[in-house]
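Participant: Mind looking over this structure? Questions follow.
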Amino acid sequence: MNIINEVENILKKGGIEEYKKEARILTCEISGLNIEDIILDKPIENPKKIIALAKKRAMDRIPIQHLIGYSFFMGEKYKVDKNVLIPRDETELLVLKAYELLKNREDKINILDIGTGTGCIACALAKKLADKNIEILGVDISSDALIVALENINNLNLERKVIVRKSDLFSKIRPQEKFDLIISNPPYIPVKEKNNLQFEVKNFEPELALFAQDDLGIEFYKKIILNSPKFLKFDGFLAFEAGFNQAQEIKNLLKKDFKDIEITPDLAGIERVICAKINN
Ligand SMILES: C[S@@+](CC[C@H](N)C(=O)[O-])C[C@H]1O[C@@H](n2cnc3c(N)ncnc32)[C@H](O)[C@@H]1O
C-alpha cells in the first residue's frame with residue numbers, strides 16, 4: 001500500500017476530520033518529497049517516522065502543526081509550539097484588509113501588532129508592504145510567544161522591519177510612539193465556552209491566546225479601542241479580527257472615536273474583520 005493511503009487510514013480510524021489533507025501534509029513535510037513523487041512511489045527515507053507521527057496524531061490528537069513544528073500563513077512557514085496560537089486562515093483576511101488601508105501611504109509606516117503570537121500578522125504585513133519604509137512592533141504578554149515570534153522574524157529575514165517587545169497591551173508603549181495602524185487578533189473566546197472547544201484547541205493551544213474573561217469575549221477590544229487614540233497618527237487605523245457575533249458590538253464601541261467603520265465577512269459569512277479610521 002502507498003504510504004499516503006496507509007497514513008490516511010490511520011488518521012481516518014482515529015477520527016481525524018481532514019484526514020486526506022493531513023495525510024498529505026504529514027507525508028510531504030516529513031519525507032521532504034512533493035505529492036507527485038509520493039504518489040509515484042518514489043522511495044522515502046523515513047517511512048517509520050511518518051507512520052509513528054500519524055499514530056501519534058490519531059491517538060493523542062496532537063495538532064499536526066505541533067507534530068511537524070510549523071504552520072503555513074500567507075504562503076510562508078511559521079514555527080509553532082504550545083506557547084503560540086496556530087495561525088488561522090481567517091487571519092489572512094485581516095492582513096489583506098490592513099494592506100489595503102496602507103498600500104498608498106508614501107511616508108514611513110509604523111504598525112503596532114497587539115498579541116503578536118507567532119508574529120504572523122506582523123511578518124505577513126512586512127512582506128506585503130516590502131517596498132515601503134516600514135517598522136512593525138509586535139507586542140505580547142507572553143515571553144514564550146515572543147521567543148517563537150523572534151525565530152520566525154529571523155527565519156523570514158525581517159529583523160530590520162519587525163521588532164518585538166513584551167507588553168501587556170499598551171503598558172510598554174511610550175507616549176511618543178505613534179502608529180499608522182494598530183492591528184490585533186486578540187483572545188476572543190468567552191472563557192465560559194471553554195468546554196465546547198475542539199479537543200485539539202482546548203488541550204494544545206495556550207489559554208492566554210484563546211480566552212477573554214467576559215461573557216461576550218470583547219474585553220480586549222474594549223481596552224484597545226479605549227487606549228489606541230493616544231497612539232495613532234493623524235488618519236491612523238485600527239484593524240481587528242473578531243469572533244462569531246462580535247463585530248456589531250465592536251462597531252458600537254468604535255463609534256465614539258472612529259469613523260469609516262468597515263466590517264468584512266469571511267468565506268463562512270462570519271463578520272470577521274473590522275477596520276476603522278481615527279476621528280481626528
Ligand atoms: C489570538 S492570539 C493571536 C496570535 C497571532 N497574532 C495570530 O493572529 O495568529 C492572541 C495573542 O495575544 C496575546 N495576549 C494575551 N493577552 C495579552 C495582553 N494582555 N497583552 C498582550 N498580548 C496578549 C497572547 O499571548 C496571544 O499570543
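Residue numbering restarts at 1 for every chain of the C-alpha cells, chains are lettered A, B, ... in their displayed order, and ligands are numbered from 1 as they appear.
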Return as a PyMOL selection string the residues of protein, DNA or RNA that approach ligand 1 to within 8 Å, with only C-alpha atoms and all ligand atoms taken into account.
Facilitator: chain A and resi 83-88+91+113-122+139-142+145+166-170+184-188+206+208-210+220
Participant: Save the residues we just selected, N, CA and C atoms, as a compact mmCIF listing (two decimals), in the first residue's frame?
Facilitator:
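Okay, result05.txt is ready:
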# COMPACT_ATOMS: atom_id res chain seq x y z
N ASN A 83 3.21 27.34 22.94
CA ASN A 83 3.11 28.69 23.51
C ASN A 83 2.44 29.71 22.61
N VAL A 84 2.12 29.29 21.39
CA VAL A 84 1.52 30.26 20.45
C VAL A 84 0.27 29.68 19.79
N LEU A 85 -0.61 30.58 19.40
CA LEU A 85 -1.76 30.16 18.62
C LEU A 85 -1.28 29.72 17.23
N ILE A 86 -1.82 28.63 16.74
CA ILE A 86 -1.51 28.22 15.36
C ILE A 86 -2.22 29.22 14.44
N PRO A 87 -1.50 29.87 13.53
CA PRO A 87 -2.16 30.86 12.66
C PRO A 87 -3.34 30.25 11.92
N ARG A 88 -4.42 31.02 11.84
CA ARG A 88 -5.65 30.54 11.20
C ARG A 88 -5.83 31.19 9.83
N THR A 91 -7.30 34.75 9.57
CA THR A 91 -6.44 35.89 9.89
C THR A 91 -5.78 36.47 8.64
N ASP A 113 1.31 45.65 16.34
CA ASP A 113 0.54 44.40 16.30
C ASP A 113 0.40 43.90 17.75
N ILE A 114 -0.80 43.99 18.29
CA ILE A 114 -1.01 43.63 19.70
C ILE A 114 -1.39 42.15 19.82
N GLY A 115 -0.61 41.41 20.61
CA GLY A 115 -0.84 39.97 20.75
C GLY A 115 -0.25 39.26 19.55
N THR A 116 1.04 39.47 19.33
CA THR A 116 1.65 39.05 18.06
C THR A 116 1.79 37.53 17.92
N GLY A 117 1.88 36.80 19.03
CA GLY A 117 1.96 35.33 18.96
C GLY A 117 3.14 34.86 18.12
N THR A 118 2.86 34.12 17.06
CA THR A 118 3.93 33.68 16.14
C THR A 118 4.58 34.84 15.39
N GLY A 119 3.92 36.00 15.42
CA GLY A 119 4.39 37.13 14.61
C GLY A 119 3.84 37.09 13.20
N CYS A 120 2.86 36.23 12.97
CA CYS A 120 2.40 36.01 11.58
C CYS A 120 1.79 37.27 10.96
N ILE A 121 1.03 38.03 11.74
CA ILE A 121 0.40 39.23 11.15
C ILE A 121 1.49 40.26 10.83
N ALA A 122 2.38 40.48 11.79
CA ALA A 122 3.44 41.47 11.60
C ALA A 122 4.33 41.09 10.40
N VAL A 139 3.79 43.20 19.98
CA VAL A 139 3.87 43.04 21.44
C VAL A 139 3.07 41.82 21.87
N ASP A 140 3.51 41.24 22.96
CA ASP A 140 2.76 40.12 23.54
C ASP A 140 3.05 40.09 25.03
N ILE A 141 2.10 39.58 25.78
CA ILE A 141 2.29 39.47 27.23
C ILE A 141 3.10 38.21 27.57
N SER A 142 3.21 37.30 26.60
CA SER A 142 3.88 36.03 26.84
C SER A 142 5.32 36.05 26.31
N ALA A 145 5.88 33.23 23.84
CA ALA A 145 5.39 33.52 22.49
C ALA A 145 6.39 34.41 21.75
N LYS A 166 7.96 42.80 25.02
CA LYS A 166 6.98 42.25 25.97
C LYS A 166 6.14 43.40 26.52
N SER A 167 4.84 43.29 26.41
CA SER A 167 3.98 44.36 26.89
C SER A 167 2.58 43.82 27.13
N ASP A 168 1.98 44.23 28.22
CA ASP A 168 0.57 43.93 28.48
C ASP A 168 -0.23 45.01 27.74
N LEU A 169 -0.79 44.66 26.61
CA LEU A 169 -1.42 45.63 25.69
C LEU A 169 -0.50 46.83 25.50
N PHE A 170 -0.91 48.04 25.95
CA PHE A 170 -0.10 49.24 25.68
C PHE A 170 0.89 49.57 26.81
N SER A 184 -4.87 43.95 15.62
CA SER A 184 -4.87 42.91 16.64
C SER A 184 -5.86 41.79 16.34
N ASN A 185 -5.41 40.60 16.61
CA ASN A 185 -6.27 39.42 16.66
C ASN A 185 -6.19 38.97 18.12
N PRO A 186 -6.98 39.61 18.99
CA PRO A 186 -6.79 39.34 20.42
C PRO A 186 -7.50 38.05 20.84
N PRO A 187 -7.26 37.59 22.06
CA PRO A 187 -8.02 36.44 22.55
C PRO A 187 -9.50 36.85 22.58
N TYR A 188 -10.38 36.05 21.98
CA TYR A 188 -11.79 36.49 21.95
C TYR A 188 -12.82 35.41 22.26
N PRO A 206 -2.51 27.66 23.77
CA PRO A 206 -2.35 28.35 25.06
C PRO A 206 -3.61 29.15 25.46
N LEU A 208 -3.81 31.67 27.21
CA LEU A 208 -3.55 33.12 27.09
C LEU A 208 -3.93 33.65 25.71
N ALA A 209 -3.84 32.78 24.71
CA ALA A 209 -4.12 33.21 23.33
C ALA A 209 -5.60 33.06 22.98
N LEU A 210 -6.32 32.31 23.79
CA LEU A 210 -7.69 31.98 23.40
C LEU A 210 -8.75 32.81 24.10
N PHE A 220 -10.80 42.57 25.39
CA PHE A 220 -9.57 43.11 24.78
C PHE A 220 -9.88 44.22 23.78
Participant: At a cut-off of 12 Å, using only C-alpha atoms, what residues contact A:Met74? Leave out same-chain residues fewer than 3 positions from it and give the result as a list in words.
Facilitator: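 Counting only C-alpha atoms, the residues come to Ser71, Lys77, Tyr78, Pro87, Arg88, Asp89, Glu90, Thr91, Glu92, Leu93, Leu94, Val95, Leu96, Cys120, Ile121, Ala122, Cys123, Ala124, Leu125, Ala126, Lys127 and Lys128 of chain A.
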Participant: Measuring between only C-alpha atoms, which one of A:Lys13, A:Lys277, A:Lys97, A:Lys108 shows the shortest distance to A:Asp235?
Facilitator: A:Lys277
Participant: Show me, as a list in words, the residues that have an atom within 12 Å of A:Arg160 when counting only C-alpha atoms, minus same-chain residues fewer than 6 positions from it.
Facilitator: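 Final neighbour list, sorted by chain and number: Cys123, Ala126, Lys127, Ala130, Asn133, Ile134, Glu135, Ile136, Leu137, Leu150, Ile153 and Asn154 of chain A.
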Participant: Looking at A:Arg105, A:Ser228, A:Lys222, A:Phe240, which one is nearest to A:Asn252, with distances taken over only C-alpha atoms?
Facilitator: A:Lys222
Participant: Do a neighbour search on A:Glu22 at 10 Å with only C-alpha atoms, toss out local chain neighbours closer than 4 positions, and write the hits as a ChimeraX atom specification.
Facilitator: /A:4,7-8,11,16-18,26-28,54,57,63-65
Participant: Please run DSSP on the backbone and report, as a list in words, all residues within stretch 76-146 of chain A that come out as strand (DSSP E or B).
Facilitator: Glu76, Lys77, Tyr78, Lys79, Ile109, Asn110, Ile111, Leu112, Asp113, Ile114, Ile134, Glu135, Ile136, Leu137, Gly138, Val139 and Asp140 of chain A
Participant: Run DSSP on the backbone and give me the residues of stretch 65-193 of chain A it puts in alpha helix (DSSP H), as a count of residues only.
Facilitator: 39
Participant: Do you know which residues are at most 8 Å from A:Glu262 counting only C-alpha atoms, after dropping those on the same chain fewer than 3 positions away, and could you put them as a list of chain:residue names?
Facilitator: A:Ile274, A:Cys275, A:Ala276
Participant: Suppose you want the space between atom CA of A:Ile30 and atom CA of A:Leu53; what is it in Å?
Facilitator: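 The value is 9.4 Å.
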Participant: Just how far from atom CA of A:Gly69 is atom CA of A:Ile44, in Å to one decimal?
Facilitator: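 Computing the Euclidean distance for atom CA of A:Ile44 and atom CA of A:Gly69 yields 19.9 Å.
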Participant: Which residue is closest to A:Ile109? Choose from A:Leu254, A:Leu40, A:Val80, A:Val162 and count only C-alpha atoms.
Facilitator: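 That would be A:Val162, the residue with the smallest distance to A:Ile109.
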Participant: Quick one: of A:Leu238, A:Ile270, A:Val201, A:Leu67, who's nearest to A:Asp180, counting only C-alpha atoms?
Facilitator: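 Comparing A:Leu238, A:Ile270, A:Val201, A:Leu67 against A:Asp180, the winner is A:Leu238.
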Participant: Contacts of A:Ile38 at 12 Å or less, counting only C-alpha atoms, minus same-chain residues fewer than 2 places along, as a ChimeraX atom specification?
Facilitator: /A:1-5,23-36,40-45,47
Participant: Export, as a compact mmCIF listing (two decimals), in the first residue's frame, the selected residues with N, CA and C atoms.
Facilitator:
# COMPACT_ATOMS: atom_id res chain seq x y z
N MET A 1 0.85 -1.20 0.00
CA MET A 1 0.00 0.00 0.00
C MET A 1 0.88 1.25 0.00
N ASN A 2 0.50 2.25 -0.79
CA ASN A 2 1.24 3.51 -0.82
C ASN A 2 1.17 4.17 0.56
N ILE A 3 2.27 4.83 0.93
CA ILE A 3 2.33 5.40 2.29
C ILE A 3 1.19 6.40 2.55
N ILE A 4 0.81 7.14 1.52
CA ILE A 4 -0.28 8.11 1.71
C ILE A 4 -1.55 7.39 2.15
N ASN A 5 -1.85 6.27 1.49
CA ASN A 5 -3.06 5.54 1.86
C ASN A 5 -2.97 5.00 3.28
N ALA A 23 -2.90 13.82 5.82
CA ALA A 23 -2.01 12.74 5.37
C ALA A 23 -1.00 13.28 4.37
N ARG A 24 -1.48 14.13 3.51
CA ARG A 24 -0.57 14.73 2.51
C ARG A 24 0.47 15.61 3.18
N ILE A 25 -0.02 16.47 4.09
CA ILE A 25 0.91 17.40 4.76
C ILE A 25 1.98 16.60 5.50
N LEU A 26 1.53 15.66 6.31
CA LEU A 26 2.48 14.89 7.13
C LEU A 26 3.50 14.15 6.26
N THR A 27 3.00 13.49 5.24
CA THR A 27 3.90 12.69 4.41
C THR A 27 4.89 13.58 3.64
N CYS A 28 4.38 14.63 3.05
CA CYS A 28 5.27 15.52 2.26
C CYS A 28 6.28 16.22 3.17
N GLU A 29 5.79 16.75 4.29
CA GLU A 29 6.70 17.54 5.13
C GLU A 29 7.79 16.67 5.76
N ILE A 30 7.44 15.46 6.20
CA ILE A 30 8.46 14.64 6.86
C ILE A 30 9.39 13.98 5.83
N SER A 31 8.86 13.64 4.67
CA SER A 31 9.72 12.98 3.67
C SER A 31 10.54 13.99 2.87
N GLY A 32 10.05 15.22 2.83
CA GLY A 32 10.72 16.23 2.00
C GLY A 32 10.42 16.06 0.52
N LEU A 33 9.46 15.20 0.21
CA LEU A 33 9.09 14.98 -1.20
C LEU A 33 7.78 15.72 -1.52
N ASN A 34 7.53 15.93 -2.83
CA ASN A 34 6.24 16.52 -3.16
C ASN A 34 5.22 15.41 -3.44
N ILE A 35 3.97 15.80 -3.53
CA ILE A 35 2.90 14.81 -3.58
C ILE A 35 3.00 13.91 -4.84
N GLU A 36 3.45 14.50 -5.95
CA GLU A 36 3.58 13.71 -7.17
C GLU A 36 4.58 12.56 -6.95
N LEU A 40 3.83 8.54 -7.02
CA LEU A 40 4.57 7.67 -7.95
C LEU A 40 5.48 6.68 -7.21
N ASP A 41 5.32 6.61 -5.89
CA ASP A 41 6.06 5.66 -5.05
C ASP A 41 7.57 5.83 -5.07
N LYS A 42 8.03 7.08 -5.17
CA LYS A 42 9.47 7.35 -5.06
C LYS A 42 9.92 6.92 -3.65
N PRO A 43 11.10 6.29 -3.52
CA PRO A 43 11.48 5.80 -2.19
C PRO A 43 11.52 6.91 -1.14
N ILE A 44 11.02 6.58 0.03
CA ILE A 44 11.01 7.53 1.15
C ILE A 44 12.01 7.05 2.18
N GLU A 45 12.85 8.00 2.66
CA GLU A 45 13.92 7.62 3.59
C GLU A 45 13.41 7.19 4.97
N PRO A 47 10.01 6.25 6.32
CA PRO A 47 8.58 5.91 6.41
C PRO A 47 8.13 5.59 7.84
Participant: From the set A:Lys194, A:Arg61, A:His66, A:Lys255, which residue has the shortest atom-to-atom contact distance to A:Leu226, counting only C-alpha atoms?
Facilitator: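 Looking at the shortest contact to A:Leu226, the residue is A:Lys255.
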Participant: May I have the residues within 12 Å of A:Pro229 as JSON, numbers by chain, using only C-alpha atoms and disregarding those fewer than 2 positions away in the same chain?
Facilitator: {"A": [170, 175, 177, 178, 179, 180, 181, 182, 223, 224, 225, 226, 227, 231, 232, 233, 234, 235, 236, 237, 238, 254, 256, 257, 258, 276, 277, 278, 279, 280]}
